[in-house]
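Undergrad: Next up, model-v2.txt (compact mmCIF, C-alpha atoms).
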```
# COMPACT_ATOMS: atom_id res chain seq x y z
CA MET A 1 -34.21 -76.53 -204.97
CA THR A 2 -32.93 -73.12 -203.88
CA ALA A 3 -34.74 -70.56 -201.81
CA ILE A 4 -35.70 -67.26 -203.37
CA ASP A 5 -33.68 -64.30 -202.18
CA LEU A 6 -36.39 -62.40 -200.33
CA HIS A 7 -34.32 -59.22 -200.18
CA PRO A 8 -32.56 -59.05 -203.57
CA ARG A 9 -31.68 -55.36 -203.34
CA ARG A 10 -30.38 -55.47 -199.79
CA THR A 11 -26.65 -55.54 -199.13
CA ASP A 12 -25.16 -58.20 -196.91
CA ALA A 13 -24.69 -55.57 -194.19
CA ASP A 14 -28.41 -54.67 -194.45
CA LEU A 15 -29.36 -58.34 -194.15
CA VAL A 16 -27.16 -58.82 -191.09
CA ALA A 17 -28.80 -55.80 -189.45
CA LEU A 18 -32.25 -57.23 -190.25
CA VAL A 19 -31.28 -60.64 -188.82
CA ARG A 20 -30.17 -58.94 -185.61
CA ARG A 21 -33.63 -57.31 -185.42
CA GLY A 22 -35.28 -60.72 -185.70
CA ASP A 23 -36.14 -60.83 -189.42
CA ASP A 24 -36.13 -64.54 -190.33
CA GLY A 25 -36.62 -63.64 -193.97
CA ALA A 26 -33.30 -61.81 -193.93
CA PHE A 27 -31.52 -64.92 -192.69
CA ALA A 28 -33.26 -66.97 -195.39
CA ALA A 29 -31.99 -64.44 -197.93
CA ILE A 30 -28.44 -64.80 -196.60
CA VAL A 31 -28.70 -68.58 -196.89
CA ALA A 32 -30.12 -68.37 -200.43
CA ARG A 33 -27.48 -65.91 -201.51
CA HIS A 34 -24.40 -67.62 -200.06
CA ARG A 35 -25.23 -71.33 -199.79
CA PRO A 36 -24.18 -72.40 -203.31
CA ALA A 37 -20.70 -70.85 -203.01
CA LEU A 38 -20.26 -72.18 -199.47
CA LEU A 39 -21.22 -75.70 -200.57
CA ALA A 40 -18.69 -75.56 -203.39
CA HIS A 41 -16.05 -74.28 -200.96
CA ALA A 42 -16.73 -77.07 -198.45
CA ARG A 43 -16.80 -79.75 -201.19
CA ARG A 44 -13.39 -78.63 -202.44
CA ILE A 45 -11.96 -79.11 -198.96
CA VAL A 46 -13.61 -82.35 -197.80
CA ARG A 47 -14.33 -83.91 -201.22
CA SER A 48 -17.73 -85.15 -200.07
CA SER A 49 -21.09 -83.67 -200.98
CA GLU A 50 -22.77 -85.18 -197.93
CA ASP A 51 -20.15 -83.81 -195.52
CA ALA A 52 -20.22 -80.45 -197.32
CA GLU A 53 -24.00 -80.21 -196.79
CA GLU A 54 -23.58 -80.83 -193.06
CA ILE A 55 -20.65 -78.41 -192.80
CA VAL A 56 -22.61 -75.61 -194.47
CA GLN A 57 -25.67 -76.29 -192.34
CA ASP A 58 -23.57 -76.23 -189.15
CA SER A 59 -21.86 -73.07 -190.34
CA PHE A 60 -25.14 -71.26 -190.92
CA VAL A 61 -26.35 -72.27 -187.46
CA LYS A 62 -23.13 -70.90 -185.92
CA ALA A 63 -23.29 -67.76 -188.02
CA ASN A 64 -26.90 -67.07 -187.06
CA ALA A 65 -26.14 -67.50 -183.37
CA ALA A 66 -23.07 -65.27 -183.67
CA MET A 67 -25.00 -62.55 -185.52
CA LEU A 68 -27.64 -62.54 -182.81
CA ALA A 69 -25.08 -62.49 -180.00
CA ASP A 70 -22.75 -59.80 -181.35
CA THR A 71 -23.31 -56.38 -182.86
CA ARG A 72 -19.91 -55.94 -184.53
CA GLU A 73 -19.77 -55.38 -188.28
CA VAL A 74 -18.88 -58.40 -190.38
CA ALA A 75 -17.76 -58.85 -193.95
CA LEU A 76 -20.45 -61.49 -194.35
CA ARG A 77 -19.18 -63.39 -197.39
CA ALA A 78 -15.60 -63.70 -196.10
CA TRP A 79 -16.79 -64.47 -192.58
CA LEU A 80 -19.10 -67.27 -193.77
CA HIS A 81 -16.32 -68.76 -195.90
CA THR A 82 -14.01 -68.68 -192.87
CA ILE A 83 -16.57 -70.48 -190.71
CA VAL A 84 -17.05 -73.12 -193.41
CA ARG A 85 -13.29 -73.55 -193.86
CA HIS A 86 -12.73 -74.04 -190.12
CA ARG A 87 -15.59 -76.54 -189.85
CA ALA A 88 -14.35 -78.43 -192.93
CA LEU A 89 -10.84 -78.63 -191.47
CA ASP A 90 -12.36 -79.99 -188.25
CA VAL A 91 -14.05 -82.73 -190.29
CA LEU A 92 -10.76 -83.59 -191.99
CA ARG A 93 -9.00 -83.78 -188.61
CA GLN A 94 -11.73 -86.07 -187.30
CA ARG A 95 -11.31 -88.36 -190.28
CA ARG A 96 -7.57 -88.69 -189.64
CA SER A 97 -8.04 -89.43 -185.95
CA GLN A 98 -10.68 -92.14 -186.26
CA VAL A 99 -10.21 -95.25 -184.21
CA GLY A 100 -9.99 -98.27 -186.47
CA LEU A 101 -11.33 -101.70 -185.76
CA GLU A 102 -7.83 -103.16 -185.55
CA LEU A 103 -7.83 -102.78 -181.76
CA VAL A 104 -11.20 -104.48 -181.41
CA GLU A 105 -10.16 -107.31 -183.71
CA ARG A 106 -6.85 -107.77 -181.89
CA VAL A 107 -8.64 -107.91 -178.53
CA LEU A 108 -11.36 -110.31 -179.64
CA VAL A 109 -9.30 -112.67 -181.80
CA ASP A 110 -7.42 -115.36 -179.87
CA PRO A 111 -4.77 -117.11 -181.99
CA ALA A 112 -4.08 -119.78 -179.32
CA ALA A 113 -2.33 -117.25 -177.12
CA GLY A 114 -0.66 -117.99 -173.81
CA PRO A 115 -2.04 -116.93 -170.41
CA ALA A 116 -0.15 -113.62 -170.39
CA ASP A 117 -1.50 -112.73 -173.83
CA VAL A 118 -5.03 -113.62 -172.76
CA ALA A 119 -4.70 -111.49 -169.61
CA GLU A 120 -3.41 -108.56 -171.68
CA ARG A 121 -6.29 -108.92 -174.14
CA TRP A 122 -8.81 -108.97 -171.30
CA ALA A 123 -7.26 -105.79 -169.90
CA GLU A 124 -7.48 -104.15 -173.35
CA LEU A 125 -11.07 -105.29 -173.69
CA GLY A 126 -11.83 -103.79 -170.28
CA ASP A 127 -10.27 -100.48 -171.38
CA LEU A 128 -12.29 -100.61 -174.58
CA ALA A 129 -15.52 -101.28 -172.67
CA ALA A 130 -14.75 -98.45 -170.23
CA GLY A 131 -14.04 -96.12 -173.16
CA LEU A 132 -17.33 -97.03 -174.79
CA ASP A 133 -19.17 -96.48 -171.50
CA ALA A 134 -17.63 -93.01 -171.22
CA LEU A 135 -19.14 -91.94 -174.55
CA PRO A 136 -22.49 -90.17 -174.72
CA ARG A 137 -25.27 -92.71 -175.37
CA ARG A 138 -26.07 -91.62 -178.94
CA GLN A 139 -22.40 -91.68 -179.95
CA ARG A 140 -21.94 -95.12 -178.38
CA VAL A 141 -25.03 -96.52 -180.15
CA ALA A 142 -23.96 -95.04 -183.50
CA LEU A 143 -20.43 -96.41 -183.20
CA VAL A 144 -21.49 -99.90 -182.15
CA MET A 145 -24.16 -100.09 -184.86
CA HIS A 146 -21.76 -98.90 -187.54
CA ALA A 147 -18.46 -100.53 -186.58
CA LEU A 148 -19.62 -103.80 -185.09
CA ASP A 149 -23.03 -104.40 -186.67
CA GLY A 150 -22.16 -102.90 -190.06
CA ALA A 151 -25.29 -100.74 -190.07
CA SER A 152 -25.58 -98.00 -192.69
CA HIS A 153 -25.72 -94.37 -191.65
CA GLU A 154 -29.31 -94.28 -192.89
CA ALA A 155 -30.24 -97.14 -190.54
CA ILE A 156 -28.39 -95.53 -187.65
CA GLY A 157 -30.07 -92.20 -188.35
CA GLU A 158 -33.47 -93.86 -188.44
CA ARG A 159 -32.83 -95.59 -185.10
CA LEU A 160 -31.58 -92.41 -183.43
CA GLY A 161 -33.99 -90.01 -185.14
CA VAL A 162 -31.27 -88.06 -186.96
CA SER A 163 -30.13 -87.64 -190.57
CA ALA A 164 -27.58 -89.93 -192.19
CA SER A 165 -25.03 -87.11 -192.14
CA ALA A 166 -25.68 -86.54 -188.44
CA SER A 167 -25.10 -90.27 -187.96
CA LYS A 168 -21.68 -89.86 -189.61
CA THR A 169 -20.91 -87.03 -187.24
CA LEU A 170 -21.92 -89.13 -184.25
CA VAL A 171 -19.68 -92.00 -185.39
CA CYS A 172 -16.74 -89.64 -186.01
CA ARG A 173 -17.13 -88.01 -182.62
CA ALA A 174 -17.49 -91.41 -180.95
CA ARG A 175 -14.27 -92.68 -182.56
CA SER A 176 -12.43 -89.54 -181.54
CA GLY A 177 -13.77 -89.77 -177.98
CA LEU A 178 -12.93 -93.46 -177.77
CA ARG A 179 -9.41 -92.77 -178.97
CA ARG A 180 -8.99 -90.14 -176.23
CA GLU A 181 -10.35 -92.54 -173.60
CA LEU A 182 -8.01 -95.33 -174.70
CA ALA A 183 -5.01 -92.99 -174.74
CA ALA A 184 -5.85 -91.89 -171.19
CA ALA A 185 -6.24 -95.50 -169.96
```
For the file at hand, write its structure as structure tokens.

TA:
Amino acid sequence: MTAIDLHPRRTDADLVALVRRGDDGAFAAIVARHRPALLAHARRIVRSSEDAEEIVQDSFVKANAAMLADTREVALRAWLHTIVRHRALDVLRQRRSQVGLELVERVLVDPAAGPADVAERWAELGDLAAGLDALPRRQRVALVMHALDGASHEAIGERLGVSASASKTLVCRARSGLRRELAAA
């Protein structure tokens, strides 16, 4: 279901000016006008409809805040596409840098190892626990529920009071943060 463009005869520049004067209808018109193309753009980059939805939503939030904070002229369509592209590339980078479960499995599995191996595994487990403790609570809960309990993003979202796509974001950020913590340890 798409929103109706409340200002069909207004140019993008007119709509930006109206947004800066506090016209919520103008922002709704911008969203209605540009959302379909931005979704297609994000989907082409990340190849996921769910991620594309979140990227576009985040991009509109950023764009709205930027329009309200700055009075410079913008080429709205190009600017929105740039914001979406940057956010989509961030998502792709997060995907590549996710911490896998191999470390957890290696630490927890004991194939009749010697005392030195056991001591090393305990040290790794301590680093892992410290890394998890360093994460924000919601990220830690999302990561543990997803990676260790096998919970779906819908279940995680329900538990944390967020959408399934926000749950994915929390898990991605948790993995990235955990990776940084483990690299620093």

Undergrad: Calculate, to one decimal in Å, the centre and edge lengths of the box along x, y and z of the file that holds all listed atoms of segment 26-38 of chain A with 6 Å of margin on each side, and present them as JSON.

TA:
```
{"center_x": -26.8, "center_y": -67.1, "center_z": -198.0, "size_x": 25.0, "size_y": 22.6, "size_z": 22.6}
```

Undergrad: Identify, on the basis of all atoms listed in the file, every residue whose closest approach to segment 163-166 of chain A does not exceed 6 Å; exclude the query and any residue fewer than 6 positions from it along the same chain; express the result as a VMD selection string.

TA: chain A and resid 153 to 154 157

Undergrad: Quick one: of A:Val61, A:Leu68, A:Leu76, A:Ile45, who's nearest to Ile30 of chain A, counting all atoms listed in the file?

TA: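 That would be A:Leu76, the residue with the smallest distance to Ile30 of chain A.
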
Undergrad: Would you mind telling me which residue in A:Arg85, A:Ala37, A:Gln139, A:Leu182 lies nearest to Val162 of chain A when using all atoms listed in the file?

TA: A:Gln139

Undergrad: Given the choices A:Arg87, A:Arg33, A:Arg72, A:Arg10, which gets closest to Val46 of chain A if the distance is worked out from all atoms listed in the file?

TA: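 Smallest distance to Val46 of chain A is found for A:Arg87.
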
Undergrad: Between A:Ala65, A:Ala134, A:Val19, A:Ala88, which has the minimum distance to Arg44 of chain A (counting only C-alpha atoms)?

TA: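 Closest to Arg44 of chain A of all the choices is A:Ala88.
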
Undergrad: Please report the interatomic distance between atom CA of Thr169 of chain A and atom CA of Asp133 of chain A in Å with one decimal.

TA: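 These two atoms are separated by 18.4 Å.
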
Undergrad: Would you list the contacts of Arg43 of chain A as a PyMOL selection string, taking every protein, DNA or RNA residue within 10 Å and counting only C-alpha atoms, but skipping same-chain residues closer than 3 positions in sequence?

TA: chain A and resi 37-40+46-53+55-56+88

Undergrad: Write out, as a Markdown table, each residue of segment 28-92 of chain A that has an atom at most 10 Å from segment 11-17 of chain A, together with the closest pair of atoms and their distance in Å to one decimal, counting all atoms listed in the file, rows going by chain and rising number.

TA:
```
| residue | atom | partner | partner_atom | distance |
| --- | --- | --- | --- | --- |
| A:Ala28 | CA | A:Leu15 | CA | 9.6 |
| A:Ala29 | CA | A:Leu15 | CA | 7.6 |
| A:Ile30 | CA | A:Leu15 | CA | 7.0 |
| A:Arg33 | CA | A:Asp12 | CA | 9.3 |
| A:His34 | CA | A:Asp12 | CA | 10.0 |
| A:Asn64 | CA | A:Val16 | CA | 9.2 |
| A:Met67 | CA | A:Val16 | CA | 7.0 |
| A:Leu68 | CA | A:Val16 | CA | 9.1 |
| A:Thr71 | CA | A:Ala17 | CA | 8.6 |
| A:Glu73 | CA | A:Ala13 | CA | 7.7 |
| A:Val74 | CA | A:Ala13 | CA | 7.5 |
| A:Ala75 | CA | A:Ala13 | CA | 7.7 |
| A:Leu76 | CA | A:Asp12 | CA | 6.3 |
| A:Arg77 | CA | A:Asp12 | CA | 7.9 |
```

Undergrad: For C-alpha atoms, I'd like the residues from the last selection saved as a PDB file, in the frame of the given file.

TA:
```
ATOM      1  CA  ALA A  28     -33.260 -66.970-195.390  1.00  0.00           C
ATOM      2  CA  ALA A  29     -31.990 -64.440-197.930  1.00  0.00           C
ATOM      3  CA  ILE A  30     -28.440 -64.800-196.600  1.00  0.00           C
ATOM      4  CA  ARG A  33     -27.480 -65.910-201.510  1.00  0.00           C
ATOM      5  CA  HIS A  34     -24.400 -67.620-200.060  1.00  0.00           C
ATOM      6  CA  ASN A  64     -26.900 -67.070-187.060  1.00  0.00           C
ATOM      7  CA  MET A  67     -25.000 -62.550-185.520  1.00  0.00           C
ATOM      8  CA  LEU A  68     -27.640 -62.540-182.810  1.00  0.00           C
ATOM      9  CA  THR A  71     -23.310 -56.380-182.860  1.00  0.00           C
ATOM     10  CA  GLU A  73     -19.770 -55.380-188.280  1.00  0.00           C
ATOM     11  CA  VAL A  74     -18.880 -58.400-190.380  1.00  0.00           C
ATOM     12  CA  ALA A  75     -17.760 -58.850-193.950  1.00  0.00           C
ATOM     13  CA  LEU A  76     -20.450 -61.490-194.350  1.00  0.00           C
ATOM     14  CA  ARG A  77     -19.180 -63.390-197.390  1.00  0.00           C
TER      15      ARG A  77
END
```

Undergrad: Atom CA of Arg35 of chain A and atom CA of Ser59 of chain A, how far apart in Å?

TA: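 Separating atom CA of Ser59 of chain A from atom CA of Arg35 of chain A is a distance of 10.2 Å.
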
Undergrad: Would you pick out the contacts of Val144 of chain A at 12 Å or less, using all atoms listed in the file, so that residues sharing its chain but fewer than 2 positions from it are not included, and give the list as a list in words?

TA: Leu101, Val104, Leu128, Ala129, Leu132, Asp133, Leu135, Arg137, Arg138, Gln139, Arg140, Val141, Ala142, His146, Ala147, Leu148, Asp149, Gly150, Ala151, Ser152, His153, Ile156, Ser167, Leu170, Val171, Cys172, Ala174, Arg175 and Leu178 of chain A

Undergrad: Would you mind completing segment 23-41 of chain A so that it carries N, CA, C and O atoms, and writing it out as a JSON list (two decimals), keeping the file's coordinate frame?

TA:
```json
[["chain", "number", "residue", "atom", "x", "y", "z"],
["A", 23, "ASP", "N", -35.51, -60.57, -188.12],
["A", 23, "ASP", "CA", -36.14, -60.83, -189.42],
["A", 23, "ASP", "C", -35.65, -62.18, -189.96],
["A", 23, "ASP", "O", -34.55, -62.29, -190.49],
["A", 24, "ASP", "N", -36.49, -63.21, -189.83],
["A", 24, "ASP", "CA", -36.13, -64.54, -190.33],
["A", 24, "ASP", "C", -35.99, -64.56, -191.84],
["A", 24, "ASP", "O", -35.19, -65.33, -192.39],
["A", 25, "GLY", "N", -36.73, -63.73, -192.52],
["A", 25, "GLY", "CA", -36.62, -63.64, -193.97],
["A", 25, "GLY", "C", -35.25, -63.16, -194.40],
["A", 25, "GLY", "O", -34.73, -63.56, -195.44],
["A", 26, "ALA", "N", -34.65, -62.30, -193.61],
["A", 26, "ALA", "CA", -33.30, -61.81, -193.93],
["A", 26, "ALA", "C", -32.29, -62.94, -193.82],
["A", 26, "ALA", "O", -31.39, -63.05, -194.66],
["A", 27, "PHE", "N", -32.45, -63.78, -192.81],
["A", 27, "PHE", "CA", -31.52, -64.92, -192.69],
["A", 27, "PHE", "C", -31.73, -65.89, -193.85],
["A", 27, "PHE", "O", -30.76, -66.41, -194.42],
["A", 28, "ALA", "N", -32.98, -66.11, -194.23],
["A", 28, "ALA", "CA", -33.26, -66.97, -195.39],
["A", 28, "ALA", "C", -32.62, -66.40, -196.65],
["A", 28, "ALA", "O", -32.11, -67.14, -197.50],
["A", 29, "ALA", "N", -32.61, -65.08, -196.77],
["A", 29, "ALA", "CA", -31.99, -64.44, -197.93],
["A", 29, "ALA", "C", -30.48, -64.63, -197.91],
["A", 29, "ALA", "O", -29.86, -64.87, -198.95],
["A", 30, "ILE", "N", -29.88, -64.55, -196.73],
["A", 30, "ILE", "CA", -28.44, -64.80, -196.60],
["A", 30, "ILE", "C", -28.12, -66.23, -197.03],
["A", 30, "ILE", "O", -27.19, -66.47, -197.78],
["A", 31, "VAL", "N", -28.92, -67.17, -196.54],
["A", 31, "VAL", "CA", -28.70, -68.58, -196.89],
["A", 31, "VAL", "C", -28.84, -68.76, -198.40],
["A", 31, "VAL", "O", -27.98, -69.38, -199.05],
["A", 32, "ALA", "N", -29.90, -68.22, -198.99],
["A", 32, "ALA", "CA", -30.12, -68.37, -200.43],
["A", 32, "ALA", "C", -28.99, -67.75, -201.23],
["A", 32, "ALA", "O", -28.56, -68.31, -202.24],
["A", 33, "ARG", "N", -28.51, -66.64, -200.77],
["A", 33, "ARG", "CA", -27.48, -65.91, -201.51],
["A", 33, "ARG", "C", -26.11, -66.60, -201.43],
["A", 33, "ARG", "O", -25.37, -66.63, -202.41],
["A", 34, "HIS", "N", -25.77, -67.14, -200.28],
["A", 34, "HIS", "CA", -24.40, -67.62, -200.06],
["A", 34, "HIS", "C", -24.24, -69.14, -200.04],
["A", 34, "HIS", "O", -23.12, -69.64, -200.16],
["A", 35, "ARG", "N", -25.32, -69.87, -199.92],
["A", 35, "ARG", "CA", -25.23, -71.33, -199.79],
["A", 35, "ARG", "C", -24.52, -72.02, -200.96],
["A", 35, "ARG", "O", -23.66, -72.86, -200.73],
["A", 36, "PRO", "N", -24.84, -71.69, -202.21],
["A", 36, "PRO", "CA", -24.18, -72.40, -203.31],
["A", 36, "PRO", "C", -22.65, -72.26, -203.29],
["A", 36, "PRO", "O", -21.93, -73.24, -203.46],
["A", 37, "ALA", "N", -22.15, -71.06, -203.05],
["A", 37, "ALA", "CA", -20.70, -70.85, -203.01],
["A", 37, "ALA", "C", -20.08, -71.54, -201.80],
["A", 37, "ALA", "O", -18.97, -72.09, -201.89],
["A", 38, "LEU", "N", -20.79, -71.53, -200.67],
["A", 38, "LEU", "CA", -20.26, -72.18, -199.47],
["A", 38, "LEU", "C", -20.22, -73.70, -199.65],
["A", 38, "LEU", "O", -19.27, -74.36, -199.20],
["A", 39, "LEU", "N", -21.23, -74.27, -200.30],
["A", 39, "LEU", "CA", -21.22, -75.70, -200.57],
["A", 39, "LEU", "C", -20.04, -76.08, -201.47],
["A", 39, "LEU", "O", -19.35, -77.07, -201.21],
["A", 40, "ALA", "N", -19.81, -75.29, -202.50],
["A", 40, "ALA", "CA", -18.69, -75.56, -203.39],
["A", 40, "ALA", "C", -17.37, -75.46, -202.63],
["A", 40, "ALA", "O", -16.47, -76.30, -202.80],
["A", 41, "HIS", "N", -17.25, -74.47, -201.77],
["A", 41, "HIS", "CA", -16.05, -74.28, -200.96],
["A", 41, "HIS", "C", -15.82, -75.50, -200.04],
["A", 41, "HIS", "O", -14.71, -76.04, -199.99]]
```
